[in-house]
Structures are given as C-alpha cells and as structure tokens.
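Asker: What follows is my_file_7.cif, mmCIF, C-alpha atoms.
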data_input
#
loop_
_atom_site.label_atom_id
_atom_site.label_comp_id
_atom_site.auth_asym_id
_atom_site.auth_seq_id
_atom_site.Cartn_x
_atom_site.Cartn_y
_atom_site.Cartn_z
CA MET K 23 -20.28 -20.65 -2.53
CA LYS K 24 -22.92 -18.74 -0.61
CA ASP K 25 -21.79 -15.74 1.37
CA ASN K 26 -22.32 -17.38 4.74
CA GLU K 27 -20.60 -20.63 3.90
CA LYS K 28 -17.10 -21.67 4.84
CA ARG K 29 -14.64 -23.90 3.06
CA PRO K 30 -12.74 -26.55 5.08
CA GLY K 31 -10.11 -24.87 7.27
CA GLU K 32 -11.71 -21.44 7.15
CA ILE K 33 -12.35 -19.63 10.44
CA ALA K 34 -15.01 -17.00 11.04
CA LEU K 35 -14.87 -14.45 13.84
CA PRO K 36 -17.43 -14.83 16.66
CA PHE K 37 -18.76 -11.40 15.65
CA ASP K 38 -19.31 -9.64 12.34
CA PRO K 39 -17.43 -6.38 11.74
CA ALA K 40 -20.04 -5.53 9.09
CA THR K 41 -22.49 -4.88 11.93
CA THR K 42 -20.21 -4.06 14.89
CA ALA K 43 -17.60 -1.75 13.34
CA ASP K 44 -17.96 1.80 14.62
CA ASP K 45 -14.49 3.20 15.24
CA GLY K 46 -14.56 5.54 12.24
CA SER K 47 -16.72 6.43 9.25
CA VAL K 48 -15.83 6.70 5.60
CA VAL K 49 -17.39 8.77 2.86
CA PHE K 50 -17.65 7.58 -0.73
CA ILE K 51 -16.13 10.28 -2.94
CA GLY K 52 -17.08 8.71 -6.27
CA LYS K 53 -17.07 5.39 -7.99
CA ILE K 54 -14.96 3.22 -10.22
CA ARG K 55 -16.43 2.49 -13.65
CA SER K 56 -14.98 -0.83 -14.74
CA PRO K 57 -15.77 -3.21 -17.60
CA TRP K 58 -16.73 -5.93 -15.06
CA LYS K 59 -20.47 -6.06 -14.37
CA ILE K 60 -20.68 -9.37 -12.50
CA ARG K 61 -18.30 -11.25 -10.22
CA ALA K 62 -17.72 -14.05 -12.72
CA GLU K 63 -16.18 -11.57 -15.17
CA CYS K 64 -14.06 -9.75 -12.65
CA PRO K 65 -10.26 -10.22 -12.65
CA LYS K 66 -9.02 -11.72 -9.37
CA ASN K 67 -6.19 -9.21 -8.99
CA MET K 68 -4.37 -6.39 -10.77
CA VAL K 69 -2.09 -8.77 -12.67
CA GLN K 70 -5.13 -10.35 -14.32
CA ALA K 71 -6.76 -6.94 -14.77
CA ARG K 72 -3.76 -5.58 -16.70
CA GLU K 73 -3.64 -8.72 -18.83
CA ARG K 74 -7.20 -8.07 -20.00
CA GLY K 75 -6.05 -4.85 -21.65
CA ARG K 76 -9.21 -2.89 -20.72
CA THR K 77 -8.98 0.63 -19.33
CA ALA K 78 -11.26 1.90 -16.55
CA THR K 79 -12.53 5.26 -15.35
CA ILE K 80 -12.68 6.78 -11.90
CA GLU K 81 -15.59 9.20 -11.45
CA ILE K 82 -15.19 11.78 -8.68
CA ASP K 83 -18.36 13.33 -7.31
CA ASP K 84 -18.74 17.06 -7.84
CA ALA K 85 -17.92 18.15 -4.28
CA TRP K 86 -14.41 16.69 -4.41
CA ARG K 87 -13.21 17.64 -7.89
CA THR K 88 -10.98 20.55 -6.92
CA GLY K 89 -8.99 17.94 -5.02
CA LEU K 90 -7.76 16.56 -8.37
CA ASN K 91 -5.67 19.66 -9.05
CA GLY K 92 -2.10 18.54 -9.73
CA LEU K 93 -2.79 14.83 -10.13
CA GLN K 94 -2.15 15.00 -13.89
CA LYS K 95 1.58 15.44 -13.17
CA PHE K 96 1.88 11.91 -11.84
CA SER K 97 2.37 8.76 -13.88
CA HIS K 98 0.75 6.47 -11.30
CA ALA K 99 -1.70 6.64 -8.45
CA ILE K 100 -2.76 4.43 -5.57
CA VAL K 101 -6.53 3.97 -5.53
CA LEU K 102 -8.43 2.92 -2.39
CA TYR K 103 -11.92 1.48 -2.80
CA TRP K 104 -14.60 -0.12 -0.66
CA MET K 105 -15.49 -3.75 -1.34
CA GLN K 106 -19.08 -3.31 -0.26
CA GLU K 107 -20.24 -6.77 -1.30
CA ALA K 108 -17.58 -8.66 0.64
CA ARG K 109 -18.23 -10.28 4.01
CA ARG K 110 -15.92 -9.08 6.80
CA ASP K 111 -15.80 -11.93 9.32
CA LEU K 112 -13.53 -14.56 7.73
CA ILE K 113 -10.22 -14.29 9.59
CA VAL K 114 -8.70 -17.44 8.03
CA GLN K 115 -9.50 -18.19 4.40
CA LYS K 116 -8.87 -20.98 1.93
CA PRO K 117 -8.41 -19.46 -1.53
CA ARG K 118 -9.05 -21.85 -4.41
CA ASN K 119 -5.51 -21.45 -5.72
CA LYS K 120 -3.71 -22.08 -2.39
CA PRO K 121 -3.02 -25.49 -0.85
CA GLU K 122 -3.62 -24.38 2.76
CA PRO K 123 -5.88 -21.93 4.60
CA MET K 124 -4.18 -18.59 5.30
CA GLY K 125 -4.73 -15.61 7.55
CA VAL K 126 -6.54 -12.68 5.98
CA PHE K 127 -3.51 -10.43 6.55
CA ALA K 128 -1.42 -12.73 4.34
CA LEU K 129 -4.00 -12.47 1.53
CA ARG K 130 -5.26 -9.74 -0.80
CA SER K 131 -8.80 -11.12 -0.59
CA PRO K 132 -11.61 -8.51 -0.61
CA VAL K 133 -13.01 -10.39 2.39
CA ARG K 134 -11.37 -8.66 5.40
CA PRO K 135 -12.29 -6.81 8.61
CA ASN K 136 -12.08 -3.47 6.80
CA PRO K 137 -12.99 -4.10 3.16
CA ILE K 138 -10.57 -1.55 1.77
CA ALA K 139 -8.87 -2.62 -1.45
CA LEU K 140 -5.98 -0.84 -3.09
CA ALA K 141 -4.54 -0.83 -6.57
CA THR K 142 -1.53 0.92 -8.03
CA VAL K 143 -2.65 2.15 -11.44
CA ARG K 144 -1.22 4.06 -14.37
CA ILE K 145 -2.87 7.43 -14.96
CA LEU K 146 -3.80 7.84 -18.62
CA ASP K 147 -5.86 11.03 -18.37
CA VAL K 148 -7.25 13.44 -15.79
CA ASP K 149 -10.31 15.56 -16.67
CA GLN K 150 -10.69 17.66 -13.56
CA THR K 151 -13.82 19.52 -14.72
CA ALA K 152 -15.67 16.30 -15.49
CA GLY K 153 -14.17 14.59 -12.42
CA ARG K 154 -12.88 11.74 -14.53
CA ILE K 155 -9.59 9.86 -14.37
CA THR K 156 -8.79 7.25 -16.99
CA ILE K 157 -6.56 4.43 -15.74
CA ASP K 158 -4.90 1.44 -17.37
CA ALA K 159 -6.81 -1.30 -15.54
CA ILE K 160 -8.78 -2.20 -12.42
CA ASP K 161 -9.80 -5.44 -10.73
CA CYS K 162 -13.13 -4.47 -9.15
CA LEU K 163 -16.78 -4.52 -10.18
CA ASP K 164 -18.34 -1.59 -12.01
CA CYS K 165 -19.62 1.11 -9.61
CA THR K 166 -17.38 0.09 -6.71
CA PRO K 167 -17.31 3.01 -4.23
CA LEU K 168 -14.15 5.12 -4.18
CA LEU K 169 -12.43 6.15 -0.94
CA ASP K 170 -9.22 7.88 -1.95
CA ILE K 171 -6.65 8.58 -4.63
CA LYS K 172 -3.01 9.15 -3.73
CA PRO K 173 -0.09 10.03 -5.97
CA TRP K 174 2.47 7.23 -6.28
CA PHE K 175 6.07 8.12 -5.48
CA GLU K 176 9.00 5.90 -6.34
CA THR K 177 10.91 7.07 -3.26
CA VAL K 178 8.01 6.38 -0.90
CA ASP K 179 6.22 3.41 -2.47
CA GLY K 180 8.85 1.67 -4.57
CA VAL K 181 10.25 -1.30 -2.71
CA ALA K 182 13.23 -1.88 -5.00
CA ALA K 183 14.46 1.69 -4.59
CA GLN K 184 14.15 1.93 -0.82
CA HIS K 185 14.48 -1.44 0.80
CA THR K 186 17.89 -2.57 -0.35
CA SER K 187 19.79 -3.10 2.88
CA MET E 13 -1.12 26.44 12.54
CA LYS E 14 -4.33 25.73 14.39
CA ASP E 15 -6.51 22.93 13.12
CA ASN E 16 -9.23 25.23 11.81
CA GLU E 17 -6.90 27.68 10.08
CA LYS E 18 -6.12 27.86 6.39
CA ARG E 19 -2.97 28.95 4.59
CA PRO E 20 -3.30 31.28 1.56
CA GLY E 21 -4.69 29.36 -1.40
CA GLU E 22 -6.16 26.57 0.67
CA ILE E 23 -9.79 25.61 0.11
CA ALA E 24 -12.08 23.97 2.66
CA LEU E 25 -15.21 22.04 1.75
CA PRO E 26 -18.55 23.62 2.71
CA PHE E 27 -19.14 20.56 4.92
CA ASP E 28 -16.90 18.47 7.18
CA PRO E 29 -16.58 14.77 6.37
CA ALA E 30 -15.49 14.22 9.98
CA THR E 31 -19.11 14.79 11.00
CA THR E 32 -21.07 13.91 7.85
CA ALA E 33 -19.35 10.72 6.63
CA ASP E 34 -21.61 7.71 7.02
CA ASP E 35 -21.22 5.52 3.93
CA GLY E 36 -19.26 2.80 5.73
CA SER E 37 -17.70 2.03 9.10
CA VAL E 38 -14.21 0.88 9.97
CA VAL E 39 -12.97 -1.11 12.92
CA PHE E 40 -9.58 -0.56 14.51
CA ILE E 41 -7.80 -3.93 14.62
CA GLY E 42 -4.80 -2.78 16.62
CA LYS E 43 -2.34 0.05 16.78
CA ILE E 44 1.04 1.10 15.52
CA ARG E 45 3.70 1.60 18.17
CA SER E 46 6.13 4.13 16.81
CA PRO E 47 9.02 6.10 18.32
CA TRP E 48 7.17 9.37 17.58
CA LYS E 49 5.16 10.66 20.55
CA ILE E 50 4.35 14.18 19.34
CA ARG E 51 3.76 15.70 15.91
CA ALA E 52 6.99 17.73 15.98
CA GLU E 53 9.05 14.51 16.15
CA CYS E 54 7.12 12.65 13.49
CA PRO E 55 8.70 12.05 10.07
CA LYS E 56 6.71 13.70 7.26
CA ASN E 57 6.75 10.62 5.05
CA MET E 58 8.22 7.13 4.72
CA VAL E 59 11.44 8.41 3.14
CA GLN E 60 12.18 10.45 6.25
CA ALA E 61 11.00 7.60 8.48
CA ARG E 62 13.45 5.15 6.92
CA GLU E 63 16.26 7.69 7.21
CA ARG E 64 15.75 7.86 10.97
CA GLY E 65 16.73 4.19 11.24
CA ARG E 66 14.18 3.40 13.96
CA THR E 67 12.06 0.27 13.80
CA ALA E 68 8.39 0.20 14.79
CA THR E 69 5.91 -2.41 15.99
CA ILE E 70 2.39 -3.18 14.89
CA GLU E 71 0.20 -4.58 17.67
CA ILE E 72 -2.80 -6.62 16.57
CA ASP E 73 -5.65 -6.98 19.04
CA ASP E 74 -6.38 -10.48 20.27
CA ALA E 75 -9.49 -11.10 18.18
CA TRP E 76 -7.64 -10.73 14.88
CA ARG E 77 -4.37 -12.57 15.52
CA THR E 78 -5.19 -15.77 13.64
CA GLY E 79 -5.38 -13.52 10.60
CA LEU E 80 -1.58 -13.16 10.73
CA ASN E 81 -1.04 -16.80 9.74
CA GLY E 82 1.24 -16.86 6.70
CA LEU E 83 2.35 -13.23 6.83
CA GLN E 84 5.86 -14.24 7.92
CA LYS E 85 6.53 -15.57 4.42
CA PHE E 86 6.46 -12.08 2.94
CA SER E 87 9.33 -9.60 2.84
CA HIS E 88 7.08 -6.53 2.72
CA ALA E 89 3.57 -5.50 3.67
CA ILE E 90 1.25 -2.61 2.96
CA VAL E 91 -0.11 -1.12 6.18
CA LEU E 92 -3.30 0.96 6.29
CA TYR E 93 -3.86 3.22 9.29
CA TRP E 94 -6.33 5.86 10.43
CA MET E 95 -5.07 9.41 10.86
CA GLN E 96 -7.50 10.18 13.62
CA GLU E 97 -6.07 13.59 14.49
CA ALA E 98 -6.24 14.99 10.96
CA ARG E 99 -8.99 17.29 9.76
CA ARG E 100 -10.91 16.01 6.72
CA ASP E 101 -12.28 19.11 5.00
CA LEU E 102 -9.27 20.68 3.23
CA ILE E 103 -9.73 19.82 -0.44
CA VAL E 104 -6.90 22.10 -1.66
CA GLN E 105 -3.80 22.38 0.50
CA LYS E 106 -0.59 24.39 0.52
CA PRO E 107 2.21 22.24 1.91
CA ARG E 108 5.18 24.15 3.30
CA ASN E 109 7.56 22.55 0.82
CA LYS E 110 5.49 23.22 -2.33
CA PRO E 111 5.34 26.53 -4.22
CA GLU E 112 1.62 26.29 -5.07
CA PRO E 113 -1.54 24.93 -3.45
CA MET E 114 -2.44 21.43 -4.67
CA GLY E 115 -5.47 19.19 -4.63
CA VAL E 116 -5.60 16.64 -1.82
CA PHE E 117 -5.56 13.77 -4.33
CA ALA E 118 -2.17 14.98 -5.62
CA LEU E 119 -0.75 14.95 -2.07
CA ARG E 120 0.06 12.32 0.55
CA SER E 121 -1.10 14.63 3.33
CA PRO E 122 -2.89 12.95 6.28
CA VAL E 123 -5.55 15.65 5.86
CA ARG E 124 -8.04 14.09 3.41
CA PRO E 125 -11.75 13.17 3.14
CA ASN E 126 -11.01 9.64 4.34
CA PRO E 127 -7.97 9.85 6.62
CA ILE E 128 -6.52 6.52 5.56
CA ALA E 129 -2.73 6.47 5.28
CA LEU E 130 -0.68 3.70 3.77
CA ALA E 131 2.92 2.67 4.03
CA THR E 132 4.86 -0.08 2.33
CA VAL E 133 7.10 -1.53 5.02
CA ARG E 134 9.69 -4.25 5.37
CA ILE E 135 8.65 -7.07 7.70
CA LEU E 136 11.42 -7.85 10.20
CA ASP E 137 9.52 -10.26 12.47
CA VAL E 138 6.03 -11.68 12.98
CA ASP E 139 5.05 -12.98 16.44
CA GLN E 140 1.57 -14.31 15.78
CA THR E 141 0.88 -15.40 19.37
CA ALA E 142 1.73 -11.98 20.76
CA GLY E 143 0.08 -10.22 17.80
CA ARG E 144 3.24 -8.28 17.11
CA ILE E 145 4.88 -7.40 13.79
CA THR E 146 8.22 -5.63 13.77
CA ILE E 147 8.76 -3.35 10.76
CA ASP E 148 11.66 -1.27 9.49
CA ALA E 149 10.09 2.16 9.87
CA ILE E 150 6.83 4.12 10.08
CA ASP E 151 5.85 7.76 9.66
CA CYS E 152 2.93 8.04 12.09
CA LEU E 153 2.46 8.92 15.74
CA ASP E 154 2.64 6.27 18.43
CA CYS E 155 -0.70 4.50 18.98
CA THR E 156 -2.13 5.36 15.56
CA PRO E 157 -5.09 3.01 14.92
CA LEU E 158 -4.51 0.15 12.50
CA LEU E 159 -7.01 -0.72 9.74
CA ASP E 160 -5.37 -3.42 7.67
CA ILE E 161 -2.22 -5.28 6.70
CA LYS E 162 -1.79 -6.66 3.20
CA PRO E 163 1.06 -8.70 1.76
CA TRP E 164 3.09 -6.82 -0.84
CA PHE E 165 3.51 -8.53 -4.21
CA GLU E 166 6.01 -7.39 -6.81
CA THR E 167 3.71 -8.49 -9.62
CA VAL E 168 0.70 -6.62 -8.24
CA ASP E 169 2.24 -3.60 -6.49
CA GLY E 170 5.58 -3.07 -8.21
CA VAL E 171 5.29 -0.32 -10.79
CA ALA E 172 8.60 -1.02 -12.50
CA ALA E 173 7.72 -4.65 -13.13
CA GLN E 174 4.21 -4.14 -14.45
CA HIS E 175 3.85 -0.76 -16.10
CA THR E 176 6.43 -0.95 -18.82
CA SER E 177 4.46 -0.28 -22.00
#
Could you quickly redo this structure as structure tokens?
Answerer:
Amino acid sequence: MKDNEKRPGEIALPFDPATTADDGSVVFIGKIRSPWKIRAECPKNMVQARERGRTATIEIDDAWRTGLNGLQKFSHAIVLYWMQEARRDLIVQKPRNKPEPMGVFALRSPVRPNPIALATVRILDVDQTAGRITIDAIDCLDCTPLLDIKPWFETVDGVAAQHTS
Amino acid sequence: MKDNEKRPGEIALPFDPATTADDGSVVFIGKIRSPWKIRAECPKNMVQARERGRTATIEIDDAWRTGLNGLQKFSHAIVLYWMQEARRDLIVQKPRNKPEPMGVFALRSPVRPNPIALATVRILDVDQTAGRITIDAIDCLDCTPLLDIKPWFETVDGVAAQHTS
C-alpha cells in the first residue's frame, strides 16, 4: 500500500499533522539500533519482537549521557521513539488483522497524530560512557530516533498491582 | 525553588532544548482535566494520584474524536501528555526524596529533554461524541496538553507476563 492510499473504511483528517503540527518541538537524543533494516522484516509489535529473540541497542548522543546515571539499577525501562516514516493523518484505520476499521486511539499503529511509539523493555546492560543500553528486544526499524527513556516501576506502571478494585 | 535554580549536585546542559529542539513537532489533541489546579496540590506520581481517589477526564478536541472508536473495549490506556511548564535542561537532578543526584533517564521527573509524561490509567467511560474519557486518576495539572492515547495490552505492556526468562 502506498503511503497516501486508504483501505476501505479508513478515514483521513482534512489536514495533515505532519505539516501543521506546531504546538511543541521534540529533540532526538539518540537512536535505536535494531536488527530490522526494512519494514518487511520489522516485527509488528513487542510480542513479535520478543519472539524473534534478537537484542537491540539504544545509542544516546554524547550531550545526554550523564542522564543515564542510575538507570543500571532498573530491570526494565519504557522507551519512547519517533516513528518518522509514518503518516499522521489517518484517524480511522483498518489493520490487516482486524475485521473492522478502528480509531487510532484504540490501536498501537505507528500511524497517529503524534508518531510517538513506546515499548517496555528489559535492560540487559548500561554502558554510560559509551552511551549504550542493551535491551531484550525492539519492534522498530534500525536508526529510529529516540525521544526518551524512563525507568519502569511496578507500583506506577504495573496494572495488575495497582488496578485491582 | 525557582525554575532556573539548581540544587547541589544537579547538572544543567550547556544548551536549552526548550529553545533549540527542532527535530519534530507535536500537536496537542486535547487536554487533561484534573482536580489539581496548582503545583502544590498535584500528586507527584500515579501512585499518589490513585491514593487520592479522584477521577479525571480527558477531553479530545473535535477534529480527533473519530479516533476514539473502539477504545471503550479496553480496560486500560496509556496516556501521553506534554509537561509544558517543566524546564528541559536538567540532565542530572536531585529529587527531594532521593539521597543522591540521578540522571534524568533514571527518574520519572517531568523535567526532561522531551517533556513527555505517560500514565497507565483505568478507563471508566468513553463518550466518543463528546470527546470525553473518564479515567481513575491522573498526576498532572488541570489543562495539561494531551499528545496521545494508546490501548494497554497485557501481552505487550505487562512486564510480569512477558519478561519471565
């Protein structure tokens, strides 16, 4: 499918956030080095990525490396990255594996108004000097721009622990 | 503490991402209506927010509301929001409740190069026509700009289920 095509049932916005968005600006702080060089190879989600059994590396640019201090104490992190190749104007989408079109906010598609993806990953190693974090798996293309890394906390992020009313 | 002050041990970048960031642009798709009108009232994290027992509402602007179609099927969502009042240049920070300064990527502080916060919330109600989602709790100020809503999946986002090597 070409990038400007729509599948039956899909709805595009009458404007394109890729060209109109200007409420805030992000800075790329590094990039994700993954085993996936082209879209056809890329896992569709983190479940598939973990099943492949391939680790990945997060490279932090020099300016930001002191910000890694302390991260090695955590077992898991939440990684935010910028899906720079994804269009941003499809508000209703028809994934191949779903019977009906669905709203973008009910999907984890990289195609969304703000193309910010997130993955919860296991931290295998942190080399602060080299600005390198080794993680268990990732579902994005090699050289995807990095936005943020956050420590994962069971008490904050774990649904089973906190949402048991 | 004033916004341009530093605590002992804190390190600021030699540049300010608030003024230099230009790798990508975000659009605000709505806002979070929370019970917290000033910083002094605001819970420090989602654990505290849930303990307060106050629900919150996410308001989606008109243009994006069809994107909510299907979200009501999910028990939980991941919400991304823009901490517009937070400075972006403190790469090492000394939180009040920690004995030592720590890197920003080992903290959930709103002060970070890209001021994107995330919370995993329980969905109580979705009114697609009104563009309103009621959630169990939130830890940000009233009227914080909204970036994204993603459905939460146990298989993708649940650490206990997936990271059990």
Asker: Determine the nearest neighbour of chain E from the options K:Pro65, K:Pro173, K:Pro117, K:Pro57, counting all atoms listed in the file.
Answerer: K:Pro173
Asker: Using all atoms listed in the file, I'd like every residue of chain K that has an atom within 8 Å of chain E; please write them out as number ranges by chain.
Answerer: K: 35, 39-40, 43-50, 67-69, 85-86, 88-93, 113-114, 124-130, 135-136, 141-142, 144, 169-173, 177-181, 185
Asker: My list of candidates is E:Pro122, E:Cys54, E:Lys18, E:Pro111. Which is closest to Arg99 in chain E when distances are computed with only C-alpha atoms?
Answerer: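 The shortest atom-to-atom distance to Arg99 in chain E comes from E:Pro122.
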Asker: Name the residues that the PyMOL selection byres ((chain K and resi 56) around 7) picks from the file above, as a list in words, using the file's chain letters and numbers.
Answerer: Ile54, Arg55, Pro57, Trp58, Ala78, Thr79, Ile160, Cys162, Leu163 and Asp164 of chain K
Asker: Can you move chain K onto chain E by a least-squares fit over all C-alpha atoms paired in order, then give me the moved copy as a tab-separated table (two decimals) with C-alpha atoms, in the frame of the given file?
Answerer:
chain	number	residue	atom	x	y	z
K	23	MET	CA	-1.12	26.48	12.59
K	24	LYS	CA	-4.35	25.76	14.42
K	25	ASP	CA	-6.50	22.96	13.09
K	26	ASN	CA	-9.22	25.26	11.79
K	27	GLU	CA	-6.91	27.70	10.06
K	28	LYS	CA	-6.12	27.87	6.38
K	29	ARG	CA	-2.99	28.97	4.60
K	30	PRO	CA	-3.30	31.30	1.57
K	31	GLY	CA	-4.69	29.37	-1.41
K	32	GLU	CA	-6.16	26.56	0.66
K	33	ILE	CA	-9.81	25.62	0.10
K	34	ALA	CA	-12.08	23.98	2.65
K	35	LEU	CA	-15.21	22.04	1.76
K	36	PRO	CA	-18.56	23.61	2.71
K	37	PHE	CA	-19.14	20.56	4.93
K	38	ASP	CA	-16.92	18.47	7.18
K	39	PRO	CA	-16.59	14.76	6.37
K	40	ALA	CA	-15.49	14.22	9.98
K	41	THR	CA	-19.11	14.79	11.01
K	42	THR	CA	-21.07	13.91	7.85
K	43	ALA	CA	-19.35	10.72	6.64
K	44	ASP	CA	-21.61	7.70	7.03
K	45	ASP	CA	-21.22	5.52	3.95
K	46	GLY	CA	-19.26	2.80	5.74
K	47	SER	CA	-17.70	2.03	9.11
K	48	VAL	CA	-14.22	0.88	9.98
K	49	VAL	CA	-12.97	-1.13	12.92
K	50	PHE	CA	-9.58	-0.57	14.51
K	51	ILE	CA	-7.80	-3.94	14.62
K	52	GLY	CA	-4.80	-2.78	16.64
K	53	LYS	CA	-2.35	0.04	16.79
K	54	ILE	CA	1.03	1.11	15.52
K	55	ARG	CA	3.69	1.59	18.19
K	56	SER	CA	6.13	4.13	16.80
K	57	PRO	CA	9.01	6.09	18.33
K	58	TRP	CA	7.17	9.37	17.57
K	59	LYS	CA	5.17	10.66	20.54
K	60	ILE	CA	4.36	14.18	19.32
K	61	ARG	CA	3.79	15.69	15.89
K	62	ALA	CA	6.99	17.73	15.98
K	63	GLU	CA	9.05	14.52	16.13
K	64	CYS	CA	7.13	12.66	13.49
K	65	PRO	CA	8.71	12.04	10.05
K	66	LYS	CA	6.71	13.70	7.26
K	67	ASN	CA	6.76	10.61	5.04
K	68	MET	CA	8.24	7.12	4.72
K	69	VAL	CA	11.44	8.39	3.12
K	70	GLN	CA	12.18	10.44	6.24
K	71	ALA	CA	11.00	7.60	8.48
K	72	ARG	CA	13.47	5.13	6.93
K	73	GLU	CA	16.27	7.68	7.20
K	74	ARG	CA	15.76	7.85	10.96
K	75	GLY	CA	16.75	4.20	11.24
K	76	ARG	CA	14.18	3.40	13.97
K	77	THR	CA	12.06	0.26	13.78
K	78	ALA	CA	8.38	0.19	14.80
K	79	THR	CA	5.91	-2.41	15.99
K	80	ILE	CA	2.38	-3.19	14.88
K	81	GLU	CA	0.20	-4.58	17.68
K	82	ILE	CA	-2.81	-6.63	16.57
K	83	ASP	CA	-5.66	-6.97	19.04
K	84	ASP	CA	-6.38	-10.48	20.27
K	85	ALA	CA	-9.50	-11.10	18.18
K	86	TRP	CA	-7.64	-10.73	14.89
K	87	ARG	CA	-4.38	-12.58	15.52
K	88	THR	CA	-5.20	-15.77	13.65
K	89	GLY	CA	-5.38	-13.53	10.60
K	90	LEU	CA	-1.58	-13.16	10.74
K	91	ASN	CA	-1.04	-16.79	9.75
K	92	GLY	CA	1.23	-16.85	6.70
K	93	LEU	CA	2.35	-13.23	6.82
K	94	GLN	CA	5.86	-14.24	7.94
K	95	LYS	CA	6.53	-15.57	4.41
K	96	PHE	CA	6.46	-12.08	2.94
K	97	SER	CA	9.32	-9.61	2.84
K	98	HIS	CA	7.07	-6.54	2.73
K	99	ALA	CA	3.58	-5.51	3.67
K	100	ILE	CA	1.25	-2.61	2.95
K	101	VAL	CA	-0.10	-1.12	6.17
K	102	LEU	CA	-3.30	0.96	6.28
K	103	TYR	CA	-3.87	3.22	9.28
K	104	TRP	CA	-6.33	5.86	10.42
K	105	MET	CA	-5.06	9.41	10.86
K	106	GLN	CA	-7.50	10.19	13.63
K	107	GLU	CA	-6.06	13.59	14.49
K	108	ALA	CA	-6.23	14.98	10.96
K	109	ARG	CA	-8.99	17.29	9.77
K	110	ARG	CA	-10.90	16.01	6.72
K	111	ASP	CA	-12.28	19.11	5.01
K	112	LEU	CA	-9.28	20.68	3.23
K	113	ILE	CA	-9.73	19.83	-0.45
K	114	VAL	CA	-6.90	22.10	-1.67
K	115	GLN	CA	-3.80	22.39	0.50
K	116	LYS	CA	-0.60	24.40	0.53
K	117	PRO	CA	2.20	22.23	1.91
K	118	ARG	CA	5.16	24.15	3.31
K	119	ASN	CA	7.55	22.55	0.84
K	120	LYS	CA	5.48	23.23	-2.32
K	121	PRO	CA	5.34	26.53	-4.21
K	122	GLU	CA	1.62	26.30	-5.07
K	123	PRO	CA	-1.55	24.94	-3.45
K	124	MET	CA	-2.45	21.44	-4.66
K	125	GLY	CA	-5.47	19.18	-4.63
K	126	VAL	CA	-5.60	16.64	-1.82
K	127	PHE	CA	-5.57	13.78	-4.34
K	128	ALA	CA	-2.18	14.97	-5.63
K	129	LEU	CA	-0.76	14.94	-2.07
K	130	ARG	CA	0.05	12.31	0.54
K	131	SER	CA	-1.11	14.63	3.32
K	132	PRO	CA	-2.89	12.95	6.27
K	133	VAL	CA	-5.54	15.65	5.86
K	134	ARG	CA	-8.05	14.09	3.40
K	135	PRO	CA	-11.75	13.18	3.13
K	136	ASN	CA	-11.00	9.64	4.34
K	137	PRO	CA	-7.97	9.84	6.62
K	138	ILE	CA	-6.53	6.52	5.55
K	139	ALA	CA	-2.75	6.48	5.27
K	140	LEU	CA	-0.69	3.70	3.76
K	141	ALA	CA	2.92	2.67	4.02
K	142	THR	CA	4.87	-0.08	2.32
K	143	VAL	CA	7.10	-1.54	5.02
K	144	ARG	CA	9.70	-4.26	5.38
K	145	ILE	CA	8.64	-7.08	7.69
K	146	LEU	CA	11.40	-7.86	10.19
K	147	ASP	CA	9.50	-10.25	12.46
K	148	VAL	CA	6.03	-11.68	12.99
K	149	ASP	CA	5.04	-12.98	16.45
K	150	GLN	CA	1.57	-14.31	15.79
K	151	THR	CA	0.88	-15.40	19.39
K	152	ALA	CA	1.75	-11.98	20.78
K	153	GLY	CA	0.09	-10.24	17.81
K	154	ARG	CA	3.24	-8.28	17.09
K	155	ILE	CA	4.88	-7.40	13.79
K	156	THR	CA	8.22	-5.62	13.77
K	157	ILE	CA	8.76	-3.36	10.75
K	158	ASP	CA	11.66	-1.29	9.47
K	159	ALA	CA	10.09	2.15	9.87
K	160	ILE	CA	6.84	4.10	10.08
K	161	ASP	CA	5.86	7.75	9.66
K	162	CYS	CA	2.93	8.04	12.07
K	163	LEU	CA	2.46	8.92	15.73
K	164	ASP	CA	2.65	6.27	18.43
K	165	CYS	CA	-0.70	4.50	18.98
K	166	THR	CA	-2.12	5.36	15.56
K	167	PRO	CA	-5.09	3.02	14.93
K	168	LEU	CA	-4.52	0.16	12.50
K	169	LEU	CA	-7.00	-0.71	9.75
K	170	ASP	CA	-5.37	-3.42	7.67
K	171	ILE	CA	-2.22	-5.28	6.70
K	172	LYS	CA	-1.78	-6.67	3.20
K	173	PRO	CA	1.06	-8.71	1.77
K	174	TRP	CA	3.09	-6.84	-0.85
K	175	PHE	CA	3.51	-8.54	-4.21
K	176	GLU	CA	6.01	-7.42	-6.81
K	177	THR	CA	3.70	-8.51	-9.64
K	178	VAL	CA	0.70	-6.63	-8.24
K	179	ASP	CA	2.23	-3.60	-6.50
K	180	GLY	CA	5.57	-3.07	-8.21
K	181	VAL	CA	5.30	-0.33	-10.79
K	182	ALA	CA	8.61	-1.02	-12.51
K	183	ALA	CA	7.73	-4.66	-13.14
K	184	GLN	CA	4.22	-4.13	-14.48
K	185	HIS	CA	3.86	-0.75	-16.08
K	186	THR	CA	6.49	-0.84	-18.78
K	187	SER	CA	4.52	-0.29	-21.96
